[in-house]
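Colleague: This is the structure I want to talk about, given as C-alpha cells.
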Amino acid sequence: MSHSITTMPDWGYLTTELVSYLQADAMAVTLAGMYTIEHEYNAQYIARHYQYQLPLGKLQLLELTLYLPYDTESADIDAVRMTAVKSALSWYKSLSSQNEDNILAGYEALIFDIQLVGGGSSLSQGDREDEKNSALQRLKHNFGVRYFLEDLVVDMSESMQQLQVFSWDDWYSIAVAVRTPCELWRFLAYHLAQLQQSAVNHIPSFESEDALVEQFLQSPDLFATAIAVDNALIKSKVQEAPNSALVAMKLAYKNRSTTAQMYHQHMEQAATLWSQLSMQMIDTYSKKQISNDGNQLEVPLAHWQQQLLDESLFSRHELIRTLYRHPKQSTSLQKEGYVVHQHSYESLGRHYVLVFYGQESKGPNSKAAVQPKLAKIAQDVATRLPIIELHHVVVLGIDFITEKDESFFDIDLWIQPVDAMTQRERQLTKQMQKLKQQELDKQNTPPASSVESGKPAKAQKEKLPQVQMSLTIPARKNKQ
C-alpha cells in the first residue's frame, strides 16, 4: 500500500527561540487508551509535555509521536489516530480540572506525529538502537476544522480553553510562517476563535491550517500591538508623530495593496536576521561565561535572551531597518558617530539605544572611547526616558566594518533592567515631565539628551553593565 509521506521541513528559528521560554524539562505522559493501540496494532508511542512561559502567557504543548508498522492499512491508521486524539483530549480534560486557573491563562496544543516503520518491522522487535536504525517515514496528515465537526465531534464551548490539535507537519509549517513567539501566541488565539465560531455555526470557517495562517498574516490586525505602542509613545512625548512605516504597512494590508506582499517579505527577512543576531550574541556571551571560570549572572541567561527575542515581526523589522540605514547616512555622520533611539513595538517598556561608533580611531565617539561607557548610556537613558512602564534598556554598540567587498557589524550589547516605579514615583515622574515640557516649550529647542525615535544624535555618556558581548555578522547585500 502507499502512504503520503512528508519530508523534514525547514523549521526556521522559532522552534529554537521557544527553548528560551521553557519552564522545565519535558515531562513524559502516559495516555489512557494507548495501551490497547500498542498491542492491537503492534505500535508504540511517546508523549511529552512541555510548558513555556511566553511574555503574553503560558503555552503548553503535548507532543505525541505514534510509531506504526509501514504496512498498516489506511482505515486502521484513521481509527488509531482518532483513538489517540481522544486519549489526548481525555488527558487534557483531567489536567484542566486540576489546574483550571493555569489553563485559562494560556493555550494548550497537541502536536500529533505518525511515523511508519519501514519494511514491516516492529518496534517491539529490538531495543531503542534498533528503532534509530529502522527506516522511519513520517506520515503526512492534517486535522483542520472539518475533522472536529464531521469525524471527531468535540465540545468547543467558549467557557473554557480547548486543546488545539495540529499534525506535526502543520505545526512546524505554522512556526515557519509566524516566525516569532508573539505572533505564535496571537495565532493560537485566532485559531481557537475560528474553531469556536465553526462549532457555533456548524460551518467550517477555514479549509486548512495553511490557509488560516496565511489569512492571519495578511490581516491589518497584525499591527494592532505596534499601533498601541506607537500611540503610547506619542502620548508620552517620546515621539512627535506616528511611525510612517507602520502607517504605510497597515494601509497596504487593509487595502490589500500589491506592496503588502513586499512589506511582509521584508518583515520575514528582518525576523530571521534578528533571530540570528540575538541567538549568536547570547551564545557568544555564554561561551565567555564558561571561559571566565563559569561565573554566573544574577539573572538567568534565558531572561536576557527573552528580552531580545520578545519582538514581533514589525518590531524586528524596525530594528533591522535601523541597522541597515547606516551606510546611507552622511559621510560626516558616519565619521563622527551618532546615536539612534528605537523602541520595541511589542513591549512599551523596552527601549533600544543604537550607538554607531565614529570611524575616527581617536575621535571622541570612536569605539575605544564610547564602548566603556555603554552601560552609563543605558543608565542615563533609564533615568531620563519619560516612559513610566519602562522595564529594560537595551544598548547596542555598533561598529560597521568594510573589508574588500564584505561588510560586517561588530556589535557590543548591554541590557539594563529598570525597577518598576511605585505609585509615588509615577506621580513625581509625571510632574517632572510636565515641568520639563513647559521648559522645553519656552526654550523651543530640544536639549542634547532628548530622546527622539529614529533620529541620530551624538553619542551619550553614562553607567552600569549587565550583559556584555561582541558579535561579528555579515551585513546583507540586498538592503531594504
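Letters A, B, ... go to the chains of the C-alpha cells in the order shown; residues in each chain start at 1; ligands are counted from 1 in the same order.
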Might you pull out every residue within 8 Å of A:His351, with only C-alpha atoms counted and same-chain residues fewer than 6 positions away left off, and present them as a PyMOL selection string?

Modeller: chain A and resi 341-344+390+392-394

Colleague: May I have the residues from that selection written out with N, CA, C and O atoms, as an mmCIF file, in the first residue's frame?

Modeller:
```
data_model
loop_
_atom_site.group_PDB
_atom_site.id
_atom_site.type_symbol
_atom_site.label_atom_id
_atom_site.label_comp_id
_atom_site.auth_asym_id
_atom_site.auth_seq_id
_atom_site.Cartn_x
_atom_site.Cartn_y
_atom_site.Cartn_z
ATOM 1 N N HIS A 341 17.718 56.323 18.793
ATOM 2 C CA HIS A 341 16.811 55.733 19.780
ATOM 3 C C HIS A 341 15.711 54.992 19.028
ATOM 4 O O HIS A 341 15.109 55.523 18.108
ATOM 5 N N GLN A 342 15.487 53.768 19.414
ATOM 6 C CA GLN A 342 14.447 52.954 18.790
ATOM 7 C C GLN A 342 13.653 52.271 19.910
ATOM 8 O O GLN A 342 14.120 52.179 21.046
ATOM 9 N N HIS A 343 12.461 51.819 19.576
ATOM 10 C CA HIS A 343 11.593 51.249 20.597
ATOM 11 C C HIS A 343 11.136 49.858 20.198
ATOM 12 O O HIS A 343 11.018 49.558 19.017
ATOM 13 N N SER A 344 10.858 49.064 21.185
ATOM 14 C CA SER A 344 10.164 47.807 20.926
ATOM 15 C C SER A 344 8.724 48.152 20.580
ATOM 16 O O SER A 344 8.084 48.948 21.284
ATOM 17 N N LEU A 390 8.659 51.666 31.590
ATOM 18 C CA LEU A 390 9.996 51.193 31.209
ATOM 19 C C LEU A 390 10.471 50.062 32.118
ATOM 20 O O LEU A 390 10.424 50.157 33.335
ATOM 21 N N HIS A 392 13.251 47.664 30.603
ATOM 22 C CA HIS A 392 14.606 47.338 30.156
ATOM 23 C C HIS A 392 15.080 48.358 29.118
ATOM 24 O O HIS A 392 14.295 48.805 28.271
ATOM 25 N N VAL A 393 16.360 48.684 29.202
ATOM 26 C CA VAL A 393 17.015 49.484 28.171
ATOM 27 C C VAL A 393 18.089 48.598 27.544
ATOM 28 O O VAL A 393 18.947 48.064 28.237
ATOM 29 N N VAL A 394 18.012 48.425 26.235
ATOM 30 C CA VAL A 394 18.974 47.593 25.508
ATOM 31 C C VAL A 394 19.858 48.509 24.673
ATOM 32 O O VAL A 394 19.364 49.273 23.840
#
```

Colleague: What gap, in Å, lies between atom CA of A:Gln60 and atom CA of A:Ile203?

Modeller: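 One can read the atom CA of A:Gln60 to atom CA of A:Ile203 distance as 28.0 Å.
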
Colleague: Tell me, as a short mmCIF file (atom, residue, chain, number, x, y, z; two decimals) with all heavy atoms, in the first residue's frame, which residues lie within 9 Å of A:Ala252, counting only C-alpha atoms; anything in the same chain fewer than 6 positions away does not count.

Modeller:
```cif
data_model
loop_
_atom_site.label_atom_id
_atom_site.label_comp_id
_atom_site.auth_asym_id
_atom_site.auth_seq_id
_atom_site.Cartn_x
_atom_site.Cartn_y
_atom_site.Cartn_z
N PRO A 220 -4.70 43.28 8.71
CA PRO A 220 -4.12 44.50 9.29
C PRO A 220 -4.07 44.43 10.81
O PRO A 220 -3.34 45.21 11.45
CB PRO A 220 -5.07 45.61 8.81
CG PRO A 220 -6.33 44.91 8.41
CD PRO A 220 -5.92 43.56 7.93
N THR A 258 -0.72 45.72 -3.53
CA THR A 258 0.34 44.84 -4.03
C THR A 258 1.63 44.99 -3.22
O THR A 258 2.47 44.08 -3.22
CB THR A 258 0.64 45.14 -5.51
OG1 THR A 258 0.94 46.55 -5.65
CG2 THR A 258 -0.55 44.79 -6.39
N THR A 259 1.80 46.12 -2.56
CA THR A 259 3.01 46.34 -1.75
C THR A 259 2.96 45.57 -0.43
O THR A 259 3.99 45.43 0.23
CB THR A 259 3.21 47.83 -1.45
OG1 THR A 259 2.04 48.34 -0.77
CG2 THR A 259 3.43 48.63 -2.71
N ALA A 260 1.78 45.07 -0.05
CA ALA A 260 1.67 44.35 1.22
C ALA A 260 2.55 43.11 1.22
O ALA A 260 3.20 42.79 2.22
CB ALA A 260 0.21 43.96 1.48
N GLN A 261 2.61 42.42 0.09
CA GLN A 261 3.46 41.22 -0.01
C GLN A 261 4.93 41.58 0.14
O GLN A 261 5.71 40.88 0.79
CB GLN A 261 3.22 40.52 -1.34
CG GLN A 261 4.00 39.21 -1.52
CD GLN A 261 3.66 38.18 -0.46
OE1 GLN A 261 2.53 38.10 -0.01
NE2 GLN A 261 4.65 37.38 -0.05
N TYR A 263 6.11 44.19 1.80
CA TYR A 263 6.31 44.52 3.21
C TYR A 263 6.45 43.25 4.05
O TYR A 263 7.30 43.16 4.95
CB TYR A 263 5.13 45.34 3.74
CG TYR A 263 5.12 46.79 3.29
CD1 TYR A 263 3.92 47.41 2.96
CD2 TYR A 263 6.29 47.52 3.22
CE1 TYR A 263 3.89 48.74 2.54
CE2 TYR A 263 6.27 48.85 2.80
CZ TYR A 263 5.07 49.46 2.47
OH TYR A 263 5.05 50.76 2.07
#
```

Colleague: Based on DSSP run over this structure's backbone, return all residues of stretch 39-255 of chain A in helix (DSSP H, G or I), as an NGL selection string.

Modeller: :A and (39-40 or 74-98 or 100-104 or 118-120 or 128-133 or 144-151 or 168-178 or 181-201 or 209-217 or 220-235 or 244-254)

Colleague: Do a neighbour search on stretch 188-195 of chain A at 9 Å with only C-alpha atoms, toss out local chain neighbours closer than 2 positions, and write the hits as a CSV table (one decimal) with N, CA and C atoms, in the first residue's frame.

Modeller:
```
chain,number,residue,atom,x,y,z
A,107,TYR,N,-2.6,28.8,26.5
A,107,TYR,CA,-3.1,27.9,25.5
A,107,TYR,C,-2.4,26.5,25.6
A,109,ALA,N,-1.8,23.0,23.3
A,109,ALA,CA,-1.8,22.4,21.9
A,109,ALA,C,-1.3,21.0,21.9
A,144,GLY,N,-7.5,20.1,10.8
A,144,GLY,CA,-8.4,21.2,10.3
A,144,GLY,C,-9.8,21.1,11.0
A,145,VAL,N,-10.6,22.1,10.7
A,145,VAL,CA,-11.8,22.3,11.5
A,145,VAL,C,-12.9,21.2,11.1
A,148,PHE,N,-13.1,18.0,13.3
A,148,PHE,CA,-13.8,18.1,14.6
A,148,PHE,C,-15.3,18.3,14.5
A,156,MET,N,-16.7,22.5,21.8
A,156,MET,CA,-15.8,23.7,21.7
A,156,MET,C,-16.5,24.8,22.4
A,158,GLU,N,-17.2,28.0,24.6
A,158,GLU,CA,-16.4,29.2,24.8
A,158,GLU,C,-16.0,29.5,26.3
A,161,GLN,N,-10.9,27.2,27.6
A,161,GLN,CA,-9.9,27.0,26.5
A,161,GLN,C,-9.9,25.5,26.2
A,162,GLN,N,-9.7,25.2,24.9
A,162,GLN,CA,-9.7,23.9,24.4
A,162,GLN,C,-8.3,23.5,23.9
A,163,LEU,N,-8.0,22.2,23.9
A,163,LEU,CA,-6.8,21.7,23.4
A,163,LEU,C,-6.9,21.8,21.8
A,164,GLN,N,-5.9,22.5,21.3
A,164,GLN,CA,-5.9,22.8,19.9
A,164,GLN,C,-5.0,21.7,19.2
A,183,GLU,N,3.8,36.3,17.5
A,183,GLU,CA,2.8,36.0,16.5
A,183,GLU,C,2.3,34.6,16.7
A,184,LEU,N,3.1,33.7,17.2
A,184,LEU,CA,2.6,32.3,17.5
A,184,LEU,C,1.4,32.4,18.5
A,185,TRP,N,1.6,33.2,19.6
A,185,TRP,CA,0.6,33.3,20.6
A,185,TRP,C,-0.7,33.9,20.0
A,186,ARG,N,-0.5,34.9,19.2
A,186,ARG,CA,-1.7,35.6,18.7
A,186,ARG,C,-2.4,34.7,17.7
A,197,GLN,N,-16.0,29.5,16.5
A,197,GLN,CA,-17.0,30.0,15.6
A,197,GLN,C,-17.6,28.9,14.7
A,198,SER,N,-16.8,28.0,14.2
A,198,SER,CA,-17.2,26.9,13.4
A,198,SER,C,-18.2,26.0,14.2
A,199,ALA,N,-17.8,25.8,15.5
A,199,ALA,CA,-18.7,24.9,16.3
A,199,ALA,C,-20.1,25.5,16.5
A,200,VAL,N,-20.1,26.8,16.7
A,200,VAL,CA,-21.4,27.5,16.9
A,200,VAL,C,-22.2,27.5,15.6
A,204,PRO,N,-17.5,25.1,8.6
A,204,PRO,CA,-16.1,25.3,8.7
A,204,PRO,C,-15.7,26.7,8.4
A,205,SER,N,-15.0,27.3,9.2
A,205,SER,CA,-14.5,28.7,8.9
A,205,SER,C,-13.2,28.8,8.2
A,206,PHE,N,-12.5,27.6,8.0
A,206,PHE,CA,-11.3,27.6,7.2
A,206,PHE,C,-11.1,26.2,6.7
A,209,GLU,N,-5.0,24.5,7.8
A,209,GLU,CA,-4.2,25.3,8.7
A,209,GLU,C,-3.3,26.3,7.9
A,212,LEU,N,-5.4,29.2,6.9
A,212,LEU,CA,-5.7,30.1,8.1
A,212,LEU,C,-4.5,30.9,8.5
A,213,VAL,N,-3.4,30.4,8.5
A,213,VAL,CA,-2.2,31.1,9.0
A,213,VAL,C,-1.9,32.2,7.9
A,216,PHE,N,-4.3,34.9,8.6
A,216,PHE,CA,-3.9,35.6,9.8
A,216,PHE,C,-2.8,36.7,9.5
```

Colleague: What is the atom CA of A:Phe314-atom CA of A:Ile411 distance in Å, reported with one decimal?

Modeller: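 For atom CA of A:Phe314 relative to atom CA of A:Ile411, the distance reads 21.7 Å.
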
Colleague: Select, from A:Gln334, A:Gln51, A:Ser315, A:Gln137, the residue with the minimum atom-to-atom distance to A:Glu268, counting only C-alpha atoms.

Modeller: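 Among the listed residues, the smallest separation from A:Glu268 belongs to A:Ser315.
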
Colleague: List the neighbours of A:Leu396 out to 9 Å using only C-alpha atoms; skip same-chain residues closer than 3 positions along the sequence, and give me the result as a PyMOL selection string.

Modeller: chain A and resi 352-356+374+411-415

Colleague: Using N, CA and C atoms, can you export the residues from the last selection as an mmCIF file, in the first residue's frame?

Modeller:
```cif
data_model
loop_
_atom_site.group_PDB
_atom_site.id
_atom_site.type_symbol
_atom_site.label_atom_id
_atom_site.label_comp_id
_atom_site.auth_asym_id
_atom_site.auth_seq_id
_atom_site.Cartn_x
_atom_site.Cartn_y
_atom_site.Cartn_z
ATOM 1 N N TYR A 352 15.430 50.671 22.990
ATOM 2 C CA TYR A 352 16.729 50.380 22.388
ATOM 3 C C TYR A 352 17.504 51.665 22.115
ATOM 4 N N VAL A 353 18.797 51.601 22.363
ATOM 5 C CA VAL A 353 19.695 52.694 22.024
ATOM 6 C C VAL A 353 20.786 52.110 21.123
ATOM 7 N N LEU A 354 20.810 52.520 19.866
ATOM 8 C CA LEU A 354 21.805 52.027 18.920
ATOM 9 C C LEU A 354 22.902 53.073 18.782
ATOM 10 N N VAL A 355 24.073 52.756 19.296
ATOM 11 C CA VAL A 355 25.211 53.671 19.274
ATOM 12 C C VAL A 355 26.115 53.266 18.115
ATOM 13 N N PHE A 356 26.160 54.080 17.068
ATOM 14 C CA PHE A 356 27.033 53.807 15.929
ATOM 15 C C PHE A 356 28.361 54.515 16.181
ATOM 16 N N LEU A 374 29.093 52.370 27.447
ATOM 17 C CA LEU A 374 27.775 51.897 27.010
ATOM 18 C C LEU A 374 26.824 51.671 28.181
ATOM 19 N N ILE A 411 29.167 44.099 17.052
ATOM 20 C CA ILE A 411 28.156 44.652 17.954
ATOM 21 C C ILE A 411 28.439 44.308 19.411
ATOM 22 N N ASP A 412 28.438 45.338 20.250
ATOM 23 C CA ASP A 412 28.510 45.161 21.702
ATOM 24 C C ASP A 412 27.113 45.365 22.259
ATOM 25 N N LEU A 413 26.749 44.541 23.242
ATOM 26 C CA LEU A 413 25.390 44.600 23.785
ATOM 27 C C LEU A 413 25.392 44.795 25.295
ATOM 28 N N TRP A 414 24.573 45.715 25.748
ATOM 29 C CA TRP A 414 24.359 45.928 27.178
ATOM 30 C C TRP A 414 22.861 45.937 27.437
ATOM 31 N N ILE A 415 22.414 45.185 28.435
ATOM 32 C CA ILE A 415 20.993 45.160 28.793
ATOM 33 C C ILE A 415 20.846 45.652 30.221
#
```

Colleague: So what do you get for atom CA of A:Ile282 versus atom CA of A:His317, distance-wise?

Modeller: 20.0 Å
